[in-house]
Amino acid sequence: MKARVHVTLKNGVLDPQGKAIGHSLNRLGFPEVGDVRQGKFIELELAETDKAKAKARLEDMCKKLLANTVIENYSIELVG
Amino acid sequence: MKSAILVFPGSNREGDVAQAIELVTGRRPQMVWHGDGDFEKVDLIVVPGGFSYGDYLRCGAMAAQSPVMAEVKKRAAQGVPVLGICNGFQIVTEAGLLPGTLMRNSHLKFVCADVHLKVETSQSLFTNRYQAGQVIKVPVAHAEGNYFADADTMKKLEDRGQIAFRYCAPDGTVDGRGNPNGSSSNIAGVFNETKTVLGLMPHPENAVEPMFGGTDGRGLFEGMVEALS
């Protein structure tokens, strides 16, 4: 099964990279762009067929390595 | 004082810190490769600067999970002093030995410059050679040195005196002017609760010889020798 993990900065944590991206888009002729927050997208191939088990293992992976929960949130999506 | 310096793929200041320690102890530290789960008993463990594992995922994230760090965590829990410098600071926070984390500099640029630091306390094995309030000049070289912790953690750090160094102006004023990276409350270095673990972004090991721009970092190494020998 395939899993997709999104890692994003928590609300309230300053995101200077997101800000810089927003400014650049404004300058490139996209004045409709307001606040921009950037993050990471991680796709994993799992040797597991049970969705509940996979989800629990992914939670553990996020807490141990994929996200730094001091500043980041994560969300898990299972596909196929 | 017997010491060990951890070496990860991508470390690059291990030689500098080894030289600084040898200068004050006359003894060459042991270099320990990241894959080694066990190493000789020592009085001090140093996690040096660099770009361990190419800063993949997050600075220090990979190194924090290496076999050698599992052993370092065990020893730190037994009270063995640990000093994390620059990338080493990022590694020990990722490993959970210190609170908070180091984020991208607020201006998004790599900063390589001499900075001034206010020593917050002399009451630790790392800072006993300095006076509280003393201003020292040491270099920084990093892109992710922006210290961040949530409001509760920040309050605990302040209340328990866990802040070791703050960025400041040459006259000791702590404000935005002396802050090179956007760190919360100008934090340049923090202790754990027992003050046996210190992490800092600046490089005291690069301020130990007059011909390299100053000797203000030397006190940190001399203080450790005094406390640990």
# chains A, B, ... in the order shown; residues from 1 in each chain; ligands from 1
>>> interface_residues(of="chain A", to="chain B", cutoff="9 Å", atoms="only C-alpha atoms", output="PyMOL selection string")
chain A and resi 13-17+20+40+64-68+70-71
>>> write_last_selection(atoms="C-alpha atoms", output="PDB file, in the first residue's frame")
ATOM      1  CA  VAL A  13       5.108  29.321  13.741  1.00  0.00           C
ATOM      2  CA  LEU A  14       6.689  31.910  11.494  1.00  0.00           C
ATOM      3  CA  ASP A  15       7.317  30.633   7.960  1.00  0.00           C
ATOM      4  CA  PRO A  16       9.823  32.967   6.258  1.00  0.00           C
ATOM      5  CA  GLN A  17      10.099  30.643   3.242  1.00  0.00           C
ATOM      6  CA  ALA A  20       9.245  34.757   0.393  1.00  0.00           C
ATOM      7  CA  LYS A  40       6.876  18.757   2.871  1.00  0.00           C
ATOM      8  CA  LYS A  64      10.019   9.588  15.528  1.00  0.00           C
ATOM      9  CA  LEU A  65      11.441  11.041  12.331  1.00  0.00           C
ATOM     10  CA  LEU A  66       9.241  12.509   9.619  1.00  0.00           C
ATOM     11  CA  ALA A  67       7.964  15.515  11.581  1.00  0.00           C
ATOM     12  CA  ASN A  68       9.385  17.628  14.380  1.00  0.00           C
ATOM     13  CA  VAL A  70       7.786  21.069  18.283  1.00  0.00           C
ATOM     14  CA  ILE A  71       6.997  23.099  15.162  1.00  0.00           C
TER      15      ILE A  71
END
>>> select_by_dssp(residues="region 38-191 of chain B", states="alpha helix (DSSP H)", output="JSON, numbers by chain")
{"B": [67, 68, 69, 70, 71, 72, 73, 74, 75, 76, 77, 87, 88, 89, 90, 91, 92, 93, 94, 151, 152, 153, 154, 155, 156, 157, 158, 159]}
>>> atom_distance(atom1="CA of Val47 (chain B)", atom2="CA of Glu14 (chain B)")
8.2 Å
>>> atom_distance(atom1="CA of Ser11 (chain B)", atom2="CA of Glu144 (chain B)")
15.4 Å
>>> residues_around(residues="Gly26 (chain B)", least_positions_apart="6", cutoff="12 Å", atoms="only C-alpha atoms", output="ChimeraX atom specification")
/B:1-3,18-20,221-222,225
>>> write_last_selection(atoms="N, CA and C atoms", output="mmCIF file, in the first residue's frame")
data_model
loop_
_atom_site.group_PDB
_atom_site.id
_atom_site.type_symbol
_atom_site.label_atom_id
_atom_site.label_comp_id
_atom_site.auth_asym_id
_atom_site.auth_seq_id
_atom_site.Cartn_x
_atom_site.Cartn_y
_atom_site.Cartn_z
ATOM 1 N N MET B 1 40.946 15.404 31.587
ATOM 2 C CA MET B 1 39.593 15.276 31.045
ATOM 3 C C MET B 1 39.632 14.440 29.769
ATOM 4 N N LYS B 2 38.920 13.322 29.788
ATOM 5 C CA LYS B 2 38.827 12.482 28.581
ATOM 6 C C LYS B 2 37.573 12.880 27.820
ATOM 7 N N SER B 3 37.715 13.034 26.510
ATOM 8 C CA SER B 3 36.549 13.471 25.745
ATOM 9 C C SER B 3 36.409 12.675 24.452
ATOM 10 N N ALA B 18 38.420 19.430 18.190
ATOM 11 C CA ALA B 18 39.463 18.552 18.725
ATOM 12 C C ALA B 18 40.705 19.373 19.071
ATOM 13 N N GLN B 19 41.024 20.317 18.181
ATOM 14 C CA GLN B 19 42.197 21.162 18.393
ATOM 15 C C GLN B 19 42.009 22.058 19.624
ATOM 16 N N ALA B 20 40.807 22.613 19.762
ATOM 17 C CA ALA B 20 40.533 23.488 20.910
ATOM 18 C C ALA B 20 40.661 22.702 22.212
ATOM 19 N N PHE B 221 36.161 26.003 27.147
ATOM 20 C CA PHE B 221 36.922 24.753 27.214
ATOM 21 C C PHE B 221 37.717 24.670 28.525
ATOM 22 N N GLU B 222 38.287 25.821 28.951
ATOM 23 C CA GLU B 222 39.043 25.821 30.212
ATOM 24 C C GLU B 222 38.124 25.539 31.387
ATOM 25 N N VAL B 225 37.368 21.835 31.554
ATOM 26 C CA VAL B 225 38.512 21.076 32.064
ATOM 27 C C VAL B 225 38.567 21.183 33.582
#
>>> select_by_dssp(residues="chain A", states="strand (DSSP E or B)", output="PyMOL selection string")
chain A and resi 2-9+39-45+72-79
>>> write_last_selection(atoms="C-alpha atoms", output="PDB file, in the first residue's frame")
ATOM      1  CA  LYS A   2       1.085   3.558  -0.611  1.00  0.00           C
ATOM      2  CA  ALA A   3       0.986   6.322   1.984  1.00  0.00           C
ATOM      3  CA  ARG A   4       1.240  10.069   1.608  1.00  0.00           C
ATOM      4  CA  VAL A   5       2.412  12.195   4.496  1.00  0.00           C
ATOM      5  CA  HIS A   6       2.093  15.972   4.550  1.00  0.00           C
ATOM      6  CA  VAL A   7       4.240  17.852   7.027  1.00  0.00           C
ATOM      7  CA  THR A   8       3.349  21.494   7.640  1.00  0.00           C
ATOM      8  CA  LEU A   9       4.389  24.169  10.100  1.00  0.00           C
ATOM      9  CA  GLY A  39       5.704  22.223   3.856  1.00  0.00           C
ATOM     10  CA  LYS A  40       6.876  18.757   2.871  1.00  0.00           C
ATOM     11  CA  PHE A  41       5.238  15.915   1.004  1.00  0.00           C
ATOM     12  CA  ILE A  42       6.560  12.393   1.570  1.00  0.00           C
ATOM     13  CA  GLU A  43       5.340   9.336  -0.338  1.00  0.00           C
ATOM     14  CA  LEU A  44       6.033   5.904   1.159  1.00  0.00           C
ATOM     15  CA  GLU A  45       5.592   2.375  -0.181  1.00  0.00           C
ATOM     16  CA  GLU A  72       5.275  20.805  12.681  1.00  0.00           C
ATOM     17  CA  ASN A  73       1.924  19.074  12.181  1.00  0.00           C
ATOM     18  CA  TYR A  74       1.522  16.007  10.012  1.00  0.00           C
ATOM     19  CA  SER A  75      -1.345  14.355   8.166  1.00  0.00           C
ATOM     20  CA  ILE A  76      -1.468  10.813   6.803  1.00  0.00           C
ATOM     21  CA  GLU A  77      -3.295   9.617   3.734  1.00  0.00           C
ATOM     22  CA  LEU A  78      -3.467   5.963   2.633  1.00  0.00           C
ATOM     23  CA  VAL A  79      -3.864   5.198  -1.060  1.00  0.00           C
TER      24      VAL A  79
END
>>> residues_around(residues="Asn192 (chain B)", least_positions_apart="6", cutoff="9 Å", atoms="only C-alpha atoms", output="list in words")
Leu97, Leu98, Pro99, Leu157, Gln162, Leu198 and Gly199 of chain B
>>> closest_residue(among="A:Leu46, A:Leu28, A:Val36, A:Ile21", to="Met1 (chain A)", atoms="only C-alpha atoms")
A:Leu46
>>> atom_distance(atom1="CA of Gly178 (chain B)", atom2="CA of Val115 (chain B)")
7.4 Å
